[in-house]
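K.L.:
Structure file my_file34.pdb, PDB, C-alpha atoms, is pasted below:
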ATOM      1  CA  MET C  19      -8.601 137.199-122.046
ATOM      2  CA  ALA C  20      -6.944 139.869-119.934
ATOM      3  CA  ALA C  21      -9.878 139.853-117.531
ATOM      4  CA  SER C  22      -9.637 136.088-117.149
ATOM      5  CA  ILE C  23      -5.912 135.968-116.370
ATOM      6  CA  ALA C  24      -6.288 138.985-114.056
ATOM      7  CA  THR C  25      -8.929 137.037-112.119
ATOM      8  CA  ARG C  26      -6.436 134.217-111.594
ATOM      9  CA  ALA C  27      -3.554 136.565-110.809
ATOM     10  CA  SER C  28      -5.622 138.487-108.240
ATOM     11  CA  GLY C  29      -6.738 135.139-106.797
ATOM     12  CA  VAL C  30      -3.117 134.064-106.337
ATOM     13  CA  ALA C  31      -2.348 137.454-104.735
ATOM     14  CA  LEU C  32      -5.286 136.978-102.356
ATOM     15  CA  TYR C  33      -4.027 133.460-101.524
ATOM     16  CA  VAL C  34      -0.896 135.167-100.203
ATOM     17  CA  GLY C  35      -3.116 137.851 -98.636
ATOM     18  CA  VAL C  36      -4.997 135.265 -96.554
ATOM     19  CA  LEU C  37      -1.653 133.893 -95.349
ATOM     20  CA  ILE C  38      -0.699 137.463 -94.339
ATOM     21  CA  VAL C  39      -4.020 137.893 -92.468
ATOM     22  CA  ALA C  40      -3.551 134.543 -90.703
ATOM     23  CA  GLY C  41      -0.058 135.743 -89.758
ATOM     24  CA  LEU C  42      -1.540 138.979 -88.382
ATOM     25  CA  ALA C  43      -3.995 137.010 -86.197
ATOM     26  CA  THR C  44      -1.144 134.786 -85.022
ATOM     27  CA  ALA C  45       0.992 137.810 -84.140
ATOM     28  CA  LEU C  46      -1.932 139.367 -82.255
ATOM     29  CA  ALA C  47      -2.429 136.148 -80.281
ATOM     30  CA  ALA C  48       1.321 136.015 -79.534
ATOM     31  CA  GLY C  49       1.211 139.369 -77.739
ATOM     32  CA  PRO C  50       1.956 143.094 -78.049
ATOM     33  CA  ASP C  51       5.609 142.709 -79.077
ATOM     34  CA  ALA C  52       4.948 140.309 -81.957
ATOM     35  CA  TYR C  53       1.948 142.397 -83.045
ATOM     36  CA  GLY C  54       4.090 145.554 -82.974
ATOM     37  CA  VAL C  55       6.757 143.987 -85.186
ATOM     38  CA  TYR C  56       4.198 142.540 -87.604
ATOM     39  CA  THR C  57       2.199 145.772 -87.978
ATOM     40  CA  ALA C  58       5.442 147.766 -88.365
ATOM     41  CA  LEU C  59       6.283 145.504 -91.317
ATOM     42  CA  LEU C  60       2.812 146.026 -92.812
ATOM     43  CA  GLY C  61       3.133 149.779 -92.229
ATOM     44  CA  SER C  62       6.541 150.040 -93.944
ATOM     45  CA  PRO C  63       6.629 151.406 -97.524
ATOM     46  CA  LEU C  64       6.938 147.880 -98.972
ATOM     47  CA  GLY C  65       4.174 146.630 -96.658
ATOM     48  CA  MET C  66       1.860 149.431 -97.784
ATOM     49  CA  VAL C  67       2.541 148.627-101.443
ATOM     50  CA  VAL C  68       1.618 144.993-100.706
ATOM     51  CA  LEU C  69      -1.535 146.053 -98.810
ATOM     52  CA  PHE C  70      -2.582 148.400-101.629
ATOM     53  CA  GLY C  71      -2.039 145.580-104.129
ATOM     54  CA  LEU C  72      -4.205 143.317-101.968
ATOM     55  CA  THR C  73      -6.916 146.015-101.850
ATOM     56  CA  VAL C  74      -6.934 146.194-105.662
ATOM     57  CA  SER C  75      -6.956 142.384-105.810
ATOM     58  CA  ILE C  76      -9.953 142.100-103.443
ATOM     59  CA  PHE C  77     -12.021 144.622-105.410
ATOM     60  CA  TYR C  78     -11.032 143.200-108.805
ATOM     61  CA  HIS C  79     -11.575 139.567-107.766
ATOM     62  CA  LEU C  80     -14.934 140.567-106.211
ATOM     63  CA  ALA C  81     -16.131 142.230-109.431
ATOM     64  CA  ALA C  82     -14.768 139.421-111.604
ATOM     65  CA  GLY C  83     -16.377 136.857-109.318
ATOM     66  CA  LEU C  84     -19.784 138.509-109.615
ATOM     67  CA  ARG C  85     -19.254 138.621-113.395
ATOM     68  CA  HIS C  86     -18.545 134.881-113.419
ATOM     69  CA  LEU C  87     -21.592 134.142-111.257
ATOM     70  CA  ALA C  88     -23.606 135.961-113.950
ATOM     71  CA  PHE C  89     -21.868 133.854-116.632
ATOM     72  CA  ASP C  90     -22.795 130.714-114.664
ATOM     73  CA  SER C  91     -26.452 131.687-114.857
ATOM     74  CA  GLY C  92     -26.106 132.144-118.633
ATOM     75  CA  LYS C  93     -26.051 135.949-118.625
ATOM     76  CA  GLY C  94     -23.516 138.434-120.009
ATOM     77  CA  PHE C  95     -21.989 136.334-122.806
ATOM     78  CA  LEU C  96     -22.595 138.776-125.695
ATOM     79  CA  PRO C  97     -19.127 140.060-126.725
ATOM     80  CA  ALA C  98     -20.151 143.699-126.242
ATOM     81  CA  THR C  99     -21.578 142.955-122.779
ATOM     82  CA  ALA C 100     -18.621 140.790-121.745
ATOM     83  CA  ASN C 101     -16.168 143.506-122.862
ATOM     84  CA  ALA C 102     -18.090 146.223-121.044
ATOM     85  CA  THR C 103     -18.269 144.258-117.779
ATOM     86  CA  ALA C 104     -14.545 143.395-118.046
ATOM     87  CA  TRP C 105     -13.662 147.096-118.329
ATOM     88  CA  ALA C 106     -16.142 147.926-115.573
ATOM     89  CA  SER C 107     -14.417 145.399-113.273
ATOM     90  CA  PHE C 108     -10.994 146.996-113.878
ATOM     91  CA  ALA C 109     -12.416 150.493-113.385
ATOM     92  CA  PHE C 110     -14.274 149.476-110.215
ATOM     93  CA  ALA C 111     -11.111 147.919-108.727
ATOM     94  CA  ALA C 112      -9.040 151.043-109.443
ATOM     95  CA  VAL C 113     -11.621 153.571-108.246
ATOM     96  CA  ALA C 114     -12.709 151.647-105.126
ATOM     97  CA  SER C 115      -9.083 151.031-104.049
ATOM     98  CA  VAL C 116      -8.084 154.688-104.433
ATOM     99  CA  LEU C 117     -11.257 155.836-102.634
ATOM    100  CA  VAL C 118     -10.713 153.446 -99.694
ATOM    101  CA  TRP C 119      -7.050 154.464 -99.247
ATOM    102  CA  ALA C 120      -7.669 158.177 -99.785
ATOM    103  CA  GLY C 121     -10.609 158.030 -97.371
ATOM    104  CA  TYR C 122      -8.494 156.255 -94.757
ATOM    105  CA  PHE C 123      -5.643 158.752 -94.908
ATOM    106  CA  LEU C 124      -7.986 161.754 -94.958
ATOM    107  CA  LEU C 125     -10.159 160.547 -92.076
ATOM    108  CA  SER C 126      -7.388 159.133 -89.889
ATOM    109  CA  GLY C 127      -5.329 162.311 -90.347
ATOM    110  CA  HIS C 128      -2.066 160.516 -91.242
TER     111      HIS C 128
ATOM    112  CA  MET W 139      -6.330 106.562-131.291
ATOM    113  CA  ASP W 140      -5.016 103.138-132.351
ATOM    114  CA  SER W 141      -7.036 102.095-135.407
ATOM    115  CA  HIS W 142      -5.833  98.488-135.045
ATOM    116  CA  SER W 143      -7.282  98.059-131.576
ATOM    117  CA  TYR W 144      -9.877  95.329-131.177
ATOM    118  CA  ARG W 145     -11.508  97.213-128.309
ATOM    119  CA  THR W 146     -14.841  98.823-129.056
ATOM    120  CA  PRO W 147     -15.232 102.609-128.673
ATOM    121  CA  LEU W 148     -17.464 101.981-125.635
ATOM    122  CA  GLY W 149     -14.816  99.757-124.065
ATOM    123  CA  ARG W 150     -12.153 102.421-124.531
ATOM    124  CA  ALA W 151     -14.346 105.139-123.049
ATOM    125  CA  ARG W 152     -15.415 103.174-119.970
ATOM    126  CA  GLY W 153     -13.695 104.332-116.841
ATOM    127  CA  LEU W 154     -12.535 107.567-118.483
ATOM    128  CA  GLY W 155     -15.781 109.482-118.068
ATOM    129  CA  SER W 156     -17.145 111.627-115.309
ATOM    130  CA  ALA W 157     -15.894 110.697-111.853
ATOM    131  CA  HIS W 158     -19.212 112.038-110.531
ATOM    132  CA  THR W 159     -17.442 114.421-108.181
ATOM    133  CA  GLY W 160     -17.455 117.537-110.394
ATOM    134  CA  VAL W 161     -20.830 118.874-109.320
ATOM    135  CA  GLY W 162     -19.853 119.057-105.660
ATOM    136  CA  ARG W 163     -16.710 121.008-106.516
ATOM    137  CA  PHE W 164     -18.628 123.314-108.873
ATOM    138  CA  ILE W 165     -21.178 124.088-106.159
ATOM    139  CA  GLY W 166     -18.461 124.504-103.521
ATOM    140  CA  GLU W 167     -16.602 127.054-105.660
ATOM    141  CA  ARG W 168     -19.798 129.084-106.219
ATOM    142  CA  ALA W 169     -21.061 128.807-102.637
ATOM    143  CA  THR W 170     -17.760 130.090-101.209
ATOM    144  CA  SER W 171     -17.737 132.878-103.857
ATOM    145  CA  VAL W 172     -21.171 134.079-102.768
ATOM    146  CA  ALA W 173     -20.230 133.921 -99.066
ATOM    147  CA  LEU W 174     -17.024 135.879 -99.743
ATOM    148  CA  VAL W 175     -18.881 138.831-101.296
ATOM    149  CA  PRO W 176     -19.980 140.187 -97.884
ATOM    150  CA  LEU W 177     -17.022 138.634 -96.006
ATOM    151  CA  SER W 178     -14.362 140.287 -98.204
ATOM    152  CA  LEU W 179     -16.085 143.666 -97.880
ATOM    153  CA  TRP W 180     -16.122 143.138 -94.107
ATOM    154  CA  ALA W 181     -12.386 142.266 -94.302
ATOM    155  CA  ILE W 182     -11.666 145.696 -95.823
ATOM    156  CA  TYR W 183     -13.830 147.377 -93.164
ATOM    157  CA  ALA W 184     -12.049 145.413 -90.400
ATOM    158  CA  GLY W 185      -8.604 146.253 -91.822
ATOM    159  CA  LEU W 186      -9.420 149.970 -91.946
ATOM    160  CA  LYS W 187     -10.893 149.783 -88.454
ATOM    161  CA  ILE W 188      -7.927 148.118 -86.698
ATOM    162  CA  ALA W 189      -5.146 149.790 -88.737
ATOM    163  CA  PRO W 190      -4.880 152.912 -86.524
ATOM    164  CA  LEU W 191      -5.723 151.173 -83.228
ATOM    165  CA  GLY W 192      -2.609 149.331 -82.086
ATOM    166  CA  TYR W 193      -2.507 146.143 -80.000
ATOM    167  CA  ASP W 194      -5.178 146.916 -77.372
ATOM    168  CA  GLY W 195      -7.621 148.206 -79.980
ATOM    169  CA  ALA W 196      -7.152 145.143 -82.178
ATOM    170  CA  VAL W 197      -7.741 142.846 -79.182
ATOM    171  CA  ALA W 198     -10.881 144.786 -78.208
ATOM    172  CA  PHE W 199     -12.109 144.560 -81.811
ATOM    173  CA  LEU W 200     -11.845 140.749 -81.818
ATOM    174  CA  GLN W 201     -13.454 140.479 -78.362
ATOM    175  CA  SER W 202     -16.728 141.582 -79.913
ATOM    176  CA  PRO W 203     -18.429 138.215 -80.631
ATOM    177  CA  LEU W 204     -19.749 139.398 -84.008
ATOM    178  CA  ASN W 205     -16.271 140.456 -85.161
ATOM    179  CA  ALA W 206     -14.726 137.207 -83.887
ATOM    180  CA  VAL W 207     -17.331 135.094 -85.711
ATOM    181  CA  LEU W 208     -16.905 137.083 -88.940
ATOM    182  CA  ALA W 209     -13.101 136.786 -88.692
ATOM    183  CA  VAL W 210     -13.352 133.006 -88.230
ATOM    184  CA  LEU W 211     -15.806 132.716 -91.145
ATOM    185  CA  LEU W 212     -13.621 134.963 -93.312
ATOM    186  CA  ILE W 213     -10.562 132.773 -92.735
ATOM    187  CA  ALA W 214     -12.412 129.432 -93.040
ATOM    188  CA  VAL W 215     -14.341 130.325 -96.220
ATOM    189  CA  SER W 216     -11.304 132.053 -97.785
ATOM    190  CA  VAL W 217      -9.079 129.038 -97.138
ATOM    191  CA  SER W 218     -11.661 126.691 -98.639
ATOM    192  CA  HIS W 219     -12.094 128.968-101.686
ATOM    193  CA  MET W 220      -8.361 129.529-102.261
ATOM    194  CA  ASP W 221      -7.631 125.823-101.858
ATOM    195  CA  MET W 222     -10.136 125.071-104.645
ATOM    196  CA  GLY W 223      -8.962 127.993-106.782
ATOM    197  CA  MET W 224      -5.272 127.139-106.560
ATOM    198  CA  ARG W 225      -6.178 123.504-107.362
ATOM    199  CA  VAL W 226      -7.761 124.634-110.654
ATOM    200  CA  ILE W 227      -4.691 126.732-111.530
ATOM    201  CA  ILE W 228      -2.259 123.888-110.719
ATOM    202  CA  GLU W 229      -4.348 121.366-112.675
ATOM    203  CA  ASP W 230      -4.477 123.756-115.658
ATOM    204  CA  TYR W 231      -0.769 124.571-115.879
ATOM    205  CA  ILE W 232       1.182 121.688-114.292
ATOM    206  CA  HIS W 233       0.959 118.455-116.246
ATOM    207  CA  LYS W 234       3.819 116.320-114.887
ATOM    208  CA  PRO W 235       1.988 113.899-112.560
ATOM    209  CA  LEU W 236       4.502 114.028-109.689
ATOM    210  CA  SER W 237       4.914 117.823-109.760
ATOM    211  CA  LYS W 238       1.148 118.224-109.905
ATOM    212  CA  VAL W 239       0.483 115.988-106.899
ATOM    213  CA  VAL W 240       3.285 117.598-104.866
ATOM    214  CA  LEU W 241       2.024 121.128-105.612
ATOM    215  CA  LEU W 242      -1.606 120.187-104.865
ATOM    216  CA  LEU W 243      -0.636 118.670-101.500
ATOM    217  CA  LEU W 244       1.622 121.635-100.724
ATOM    218  CA  SER W 245      -1.080 124.191-101.570
ATOM    219  CA  THR W 246      -3.768 122.416 -99.551
ATOM    220  CA  GLY W 247      -1.360 121.887 -96.660
ATOM    221  CA  VAL W 248      -0.164 125.506 -96.587
ATOM    222  CA  SER W 249      -3.653 126.988 -96.883
ATOM    223  CA  TRP W 250      -5.227 124.835 -94.152
ATOM    224  CA  THR W 251      -2.224 125.111 -91.815
ATOM    225  CA  PHE W 252      -2.302 128.922 -92.002
ATOM    226  CA  GLY W 253      -6.099 128.828 -91.812
ATOM    227  CA  ALA W 254      -6.063 126.736 -88.627
ATOM    228  CA  LEU W 255      -3.360 128.973 -87.151
ATOM    229  CA  GLY W 256      -5.432 132.067 -87.961
ATOM    230  CA  ILE W 257      -8.678 130.656 -86.566
ATOM    231  CA  VAL W 258      -7.123 129.382 -83.324
ATOM    232  CA  SER W 259      -5.378 132.750 -82.902
ATOM    233  CA  VAL W 260      -8.629 134.679 -83.424
ATOM    234  CA  LEU W 261     -10.378 132.431 -80.882
ATOM    235  CA  LYS W 262      -7.542 132.828 -78.378
ATOM    236  CA  VAL W 263      -7.722 136.619 -78.627
ATOM    237  CA  ALA W 264     -11.521 136.594 -78.573
ATOM    238  CA  LEU W 265     -11.964 134.193 -75.650
ATOM    239  CA  ILE W 266      -9.019 134.924 -73.341
ATOM    240  CA  SER W 267      -9.254 138.336 -71.715
ATOM    241  CA  ALA W 268      -6.576 140.880 -72.565
ATOM    242  CA  GLY W 269      -5.574 141.166 -68.896
ATOM    243  CA  THR W 270      -3.807 137.781 -68.923
ATOM    244  CA  HIS W 271      -0.821 139.017 -70.906
TER     245      HIS W 271
END
Is it possible to express this structure as structure tokens?

P.N.:
Amino acid sequence: MAASIATRASGVALYVGVLIVAGLATALAAGPDAYGVYTALLGSPLGMVVLFGLTVSIFYHLAAGLRHLAFDSGKGFLPATANATAWASFAFAAVASVLVWAGYFLLSGH
Amino acid sequence: MDSHSYRTPLGRARGLGSAHTGVGRFIGERATSVALVPLSLWAIYAGLKIAPLGYDGAVAFLQSPLNAVLAVLLIAVSVSHMDMGMRVIIEDYIHKPLSKVVLLLLSTGVSWTFGALGIVSVLKVALISAGTH
């Protein structure tokens, strides 16, 4: 249940995320000034919260999507298996997101 | 069901069955899902890569043909996938016919408008040299 609604919620978040990425490309094509303003917004505290949320959404939706592709092929329906893969998807999203952001800040020296 | 109807069960069911378009949508949802597995991972890589670079670095990144092609594919496949996904959500939760149609048109319009804007912008950056600014 929770895994199912989280798949939809992360999908809606990623819908907005694609609009943000399209906006980034548009700002880049518009020139240095527009790109500077746009990336400053993304780099603000609120922007970073949004970007971290999108990172979690990508990893969760990815794991949930793979889980559903397995369901489509008739695998993973046993309650114990379905519960375990649901928890694994949540754990993967949390761990992968923290690793990516921690790795970025450590390696880029910010 | 009206028990006084003279129509046969077959007559009532005719025209209400499969529209024979479900399979295409089912396959489209799965095909875009599979394509987005590598593309979404590349999106995270690309985001991390251009985040510290600034304007010139981001332009140089997209002037690599491989990056430009992957960016175009990412946007096109994502827009197709999110259009189908949002359609399912709207159809599941919004039952008033007018609201449903308006939201479906709005969602498809917004996703493809932003998608086209994103793709044309990527191509502009990729194909027009940075020196023209």

K.L.:
Taking all atoms of segment 243-257 of chain W that the file lists and extending 5 Å past them on each side, where is the centre of the axis-aligned box and how long are its edges? Answer in Å to one decimal, as lines of an AutoDock Vina configuration file.

P.N.:
center_x = -3.5
center_y = 125.4
center_z = -94.1
size_x = 20.3
size_y = 23.4
size_z = 25.0

K.L.:
Using the chain letters and numbers from the file, which residues does the PyMOL selection byres ((chain C) within 7 of (chain W)) grab, as a list in words?

P.N.:
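After applying the PyMOL selection byres ((chain C) within 7 of (chain W)), what remains is Tyr33, Leu37, Ala40, Gly41, Ala43, Thr44, Ala47, Pro50, Tyr53, Leu80, Gly83 and Tyr122 of chain C.
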
K.L.:
Can you spell out as a PyMOL selection string the set of residues that the PyMOL selection byres ((chain C and resi 22-24) around 9) selects in the structure I just provided?

P.N.:
chain C and resi 19-21+25-29+75+78-79+82+104

K.L.:
Enter the distance from atom CA of Trp105 of chain C to atom CA of Val74 of chain C, in Å, rounded to one decimal.

P.N.:
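That distance, rounded to one decimal, is 14.4 Å.
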
K.L.:
Report, in Å with one decimal, the straight-line distance from atom CA of Gly65 of chain C to atom CA of Ala184 of chain W.

P.N.:
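Separating atom CA of Gly65 of chain C from atom CA of Ala184 of chain W is a distance of 17.4 Å.
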
K.L.:
How many Å lie between atom CA of Ala106 of chain C and atom CA of His86 of chain C, rounded to one decimal?

P.N.:
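Those two atoms sit 13.4 Å apart.
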